[in-house]
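Take a look at the structure set out below.
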Amino acid sequence: MSSTVEAERISGKIDRAPRRWSFNPRQSGIYVAFALIVVLFSVLTGGTMLQPENISNIIVQNSYVLILAIGMILIIIAGHIDLSAGSVVAVTGAVSAVLMVNMHVPWLLALLITLVVGGIIGAWQGYWIAYFGIPAFIVTLAGMLVFRALTLTVLGNQGIGPFPDPIRTLSNGFTDGYLGNVGLGPLGGADVVSLLVGVLVVAGIGFSQWRTRRGRVQYLQAVDPFPVFLLKIVGAGVVVLAVVVQLARFKNIPWVLVLLAALVLGYSLLTTRAVFGRRIYAIGGNLQAATLSGVKVKSVVFWIFVNMGVLSALAGVIFAGRLNQAGPTAGTSFELDAIAAAFIGGAAVQGGVGKVIGAITGGLIMAVINNGMSLIGAPSEQVMLVKGLVLLAAVAYDIWTKRRATRS
Amino acid sequence: MLTMTGIGKSFPGVRALAEVSLSVRRGEIHAICGENGAGKSTLMKVLSGVYPHGTYDGEFSFDGDVCRFGGIRDSERAGIVIIHQELALCPQLSIAENIFLGNEQATGGLIDWNRTNHRAAELLDRVGLREPAVTPVGELGVGKQQLVEIAKALSKEVKLLILDEPTAALGADDSAHLLDLLRGLRADGVTSVIVSHKLNEVMAVADSITILRDGRTIETMDAGDVTEDRIIAGMVGRDLEHRFPPHEPKIGKVALRIEDWTVRNPTRPDHLVVDRANLVLRRGEIVGLAGLMGAGRTELAMSVFGRSYGRDISGRLVKDGRPIEARTVREAVAHGIAYVTEDRKRYGLNLIEDVKRNISAAGLSRLARRGWVNENEEYRVAGRFRQSMNIKVPTVSTAVGTLSGGNQQKVVLSKWIFTDPDVLILDEPTRGIDVGAKYEIYSIINRLADEGKAVLVISSELPELLGLCDRIYTLAAGRITGELSREQATQERLMQHMTRNQEHYP
């Protein structure tokens, strides 16, 4: 393949693409904003924000919303919405509790059954939306009521618990220090396994980025100049390592972070590289054009709702495991947090635009605001106020940059 | 009546207008011609106050007064009304409500419905639209909607009527009616400025013609003593001797046979949109499909293309001698059928995505292995099409929404050529495209035929069909009413066949 490219280059068919900075304010604004917010709260909290225990807390406390945000971004890219996620979290949490606590089903089997139940719930909603043609807003609004009602039916007015240890470990626990600790000078002791994992992750990021870049160069595409490329990799590596070091100093890497990292990686690949992911963008960008290009629109929409159901069930189990109890009010307004995360992360209201990593960043921005404000003792109404304004500002910024781009 | 001098208008990075002068005499029809991007629409937006005074250079006066419009309301008060290419009507509201939208016939804040409907009926009579004033606009065809727009303009005591590409979406019938109406208005003392690509219509109706090119006025001529070729020469700045590239067809075997094809209207199943149509498409041959608006051309094409239109479709498709089923778009594509839509922005492109992802959209499986897309190959394929189709973009990662109509059309064509079809159905392939790009599209169509593909071209512009096609079918009220070879076909003969059998369907 590369020989034909070479031939085309020599014959002048492909002009050598200019090397340039690839900085897009519309896409990168969110990451800059995230960095600024972290710095702001680090200063306001006198450094408490970045303490090992606090970083660990932010991740563990927000893992379920981040999982929901991954499913939600796919739905929003396709131009739909899911208002039922919080209720599905509650009902699946209840299902898992009934299975594990009341019926003593082995935890792994119970987890799988719960995920299947989530998938069935997603299929139910996906059927009405994709095949029957009811707007997702209505179907999931109905789902929000129905699944909350089912939760209350199953649980009555009380919670079910406690959960088996493996589930609690998954949602609240940390990887074991198999290789003991190592001294990091002034930073004190840190877990060796966690550090090794951090180094491997950074190496993995570097290697995959380098491979992508090499592939692009072979195909004569525009790439960042090498120093810029290196700077980006080193920057990302430093951030990852800093987080890992802090975690290693506390109680090692939380299991939910491992799970979350796997989900982010998998779904990022799905949305950027897989045919299925492309179809989602095509549907959200122009439904009719996608239909006339042979995209099975109904099937794709159906499956992203099934996917949302499964991810909601996963979030449901993790949330219940964290509280060690499945409660009737679990998951209330989680869907709003997930939707806000997606939009803060750069998704477009009319669909067709959005990234998994953006939604995660959007979720983390809200998580940091939550955490930072509670550290400085702000009352919850102020936190809510700030989160609302941040959501509005993020979408306003998106529209503003878009308008500026079309005008020039 | 209207004098514009030294009009200039800049956008960031682009100089849209520079030193444009225009003078329009009272009571004339003045046509403005120019390629896409020549600055016609920008000029009309300056004139109608869309770009308020102060955002452009130069001055203009209307009826002797210097105009400093702050917005459309000011220009309408002065008697200048613009009708945009994309009609601005609310489909759910009635004709009368649309006519008086923003100008409601009210007494003391309450709408006087009798007066509204009565005055609307008068105006409809004036524009020759025989529909009850209470009909929702959404139930009308584009041609009639255009008339509603004109009635709306008349309701505002219009002195100067500006029409931006008024016939772009109309069939020959509706276009002719519209041009008649303009003549009638001229007799009533209404001055019109029309912006149009369709030179035959300009020749037919205009008293004088101003040509714009690259944001400058090239010349103003009396329509009496110019030819179409003369106008084209002015528009493109070079003599365009041949509007159609020469082509020697190499006609091969039958690629697709459409037999007894019958399609019903999805909302009115008793209405046959296509009625027992029979068509034969051969490899290497460019076949035209002529028909008036509403004859069922697009419906025929889309129903063949994976039943994308209609219900209770009956008939047979025979591909390369074997009967095939194409019940979905995917099946049609798998059988080597491609359909390039007449409305590329609505049905053809994902405007927020870039060039390469639009090109790969229909043939993505060719770039994928086990469900994973090879993005580098995608980039290369897009780059190849950018070369071979001469798509003018900085990179294939440019968003399609920012391209001109001609380049967008090339992207849609690339998308379908990439699926490697045997049969290509092109619905209005040069709609809204400037003269230079049209020539390129014609060359591409010839090349496709030479590669052994069967090409069916649907077009409202008869000269285009005559210049391009080896054989032309005519469609009237869903029926194939004629089949003419290149030698037999003339505009008059085509028109005769296209208007046949009309009496059966009001």
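Residues are named by chain letter and number: chains run A, B, ... in the order of the structure tokens, numbers start at 1 in each chain, and ligands are numbered from 1 in the order shown.
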>> Show me, as a ChimeraX atom specification, the residues that have an atom within 7 Å of Val88 (chain A) when counting only C-alpha atoms, minus same-chain residues fewer than 5 positions from it.
In response: /A:147,312-313
Hey, could you make a per-residue contact list for chain B against chain A with 6 Å as the cut-off, showing the nearest pair of atoms and its distance in Å to one decimal, counting only C-alpha atoms, sorted by chain and number, as a tab-separated table?
```
residue	atom	partner	partner_atom	distance
B:Pro12	CA	A:Ser408	CA	4.9
B:Val329	CA	A:Gly294	CA	4.8
B:Arg330	CA	A:Gly294	CA	4.7
B:Tyr347	CA	A:Ala289	CA	4.2
B:Gly348	CA	A:Ala289	CA	4.8
B:Leu349	CA	A:Ala289	CA	5.8
B:Asn350	CA	A:Asn286	CA	5.2
B:Ala362	CA	A:Ser293	CA	4.6
B:Gly371	CA	A:Val275	CA	5.3
B:Trp372	CA	A:Ala274	CA	4.2
B:Val373	CA	A:Arg273	CA	5.3
```
>> If you run DSSP on the backbone here, which positions in region 148-289 of chain B get alpha helix (DSSP H)? Please write them as JSON, numbers by chain.
In response: {"B": [148, 149, 150, 151, 152, 153, 154, 155, 172, 173, 174, 175, 176, 177, 178, 179, 180, 181, 182, 183, 184, 185, 186, 187, 199, 200, 201, 202, 203, 204, 205, 228, 229, 230, 231, 232, 233, 234, 235, 236]}
Could you save those same residues with C-alpha atoms as a tab-separated table (two decimals), in the first residue's frame?
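Here's the written file selection25.tsv:
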```
chain	number	residue	atom	x	y	z
B	148	VAL	CA	-47.34	33.21	-2.08
B	149	GLU	CA	-44.04	34.97	-1.45
B	150	ILE	CA	-44.74	37.33	-4.31
B	151	ALA	CA	-48.26	37.98	-3.03
B	152	LYS	CA	-46.70	38.78	0.32
B	153	ALA	CA	-44.37	41.25	-1.36
B	154	LEU	CA	-47.28	42.86	-3.20
B	155	SER	CA	-49.16	43.26	0.09
B	172	ALA	CA	-40.56	24.49	-16.65
B	173	ASP	CA	-44.30	25.06	-16.15
B	174	ASP	CA	-44.05	26.94	-12.90
B	175	SER	CA	-41.08	28.89	-14.18
B	176	ALA	CA	-43.00	30.03	-17.23
B	177	HIS	CA	-45.91	31.11	-15.06
B	178	LEU	CA	-43.61	33.05	-12.78
B	179	LEU	CA	-41.98	34.85	-15.68
B	180	ASP	CA	-45.40	35.76	-17.05
B	181	LEU	CA	-46.30	37.12	-13.66
B	182	LEU	CA	-43.20	39.30	-13.64
B	183	ARG	CA	-44.19	40.71	-17.03
B	184	GLY	CA	-47.66	41.39	-15.66
B	185	LEU	CA	-46.23	43.20	-12.66
B	186	ARG	CA	-44.04	45.22	-14.95
B	187	ALA	CA	-47.16	46.39	-16.74
B	199	LEU	CA	-29.87	32.38	-18.98
B	200	ASN	CA	-32.73	31.36	-21.23
B	201	GLU	CA	-35.14	32.82	-18.70
B	202	VAL	CA	-33.07	35.93	-18.32
B	203	MET	CA	-33.14	36.33	-22.11
B	204	ALA	CA	-36.88	35.76	-22.15
B	205	VAL	CA	-37.90	38.23	-19.50
B	228	GLU	CA	-26.66	33.72	-24.24
B	229	ASP	CA	-23.08	32.99	-25.22
B	230	ARG	CA	-22.31	36.68	-24.91
B	231	ILE	CA	-23.62	36.69	-21.34
B	232	ILE	CA	-21.69	33.55	-20.46
B	233	ALA	CA	-18.54	35.04	-21.90
B	234	GLY	CA	-19.03	38.05	-19.63
B	235	MET	CA	-19.75	35.89	-16.59
B	236	VAL	CA	-16.79	33.56	-16.89
```
Within 8 Å of region 478-480 of chain B using only C-alpha atoms, minus same-chain residues under 5 positions, as a compact mmCIF listing (two decimals) with C-alpha atoms, in the first residue's frame:
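As a result, around31.txt now contains:
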```txt
# COMPACT_ATOMS: atom_id res chain seq x y z
CA LEU B 272 -50.02 6.58 -8.51
CA VAL B 273 -46.85 8.64 -8.49
CA VAL B 274 -45.14 6.35 -11.00
CA ASP B 275 -47.37 4.35 -13.31
CA ARG B 276 -46.02 1.27 -15.11
CA ALA B 277 -42.76 2.89 -16.12
CA ASN B 278 -40.29 0.96 -18.29
CA ALA B 295 -44.11 14.33 -12.92
CA GLY B 296 -42.53 11.81 -10.57
CA ARG B 297 -38.90 11.92 -11.67
CA TYR B 473 -37.04 9.57 -21.66
```
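Atom pair CA of Arg264 (chain B) / CA of Gly336 (chain B): separated by 24.7 Å.
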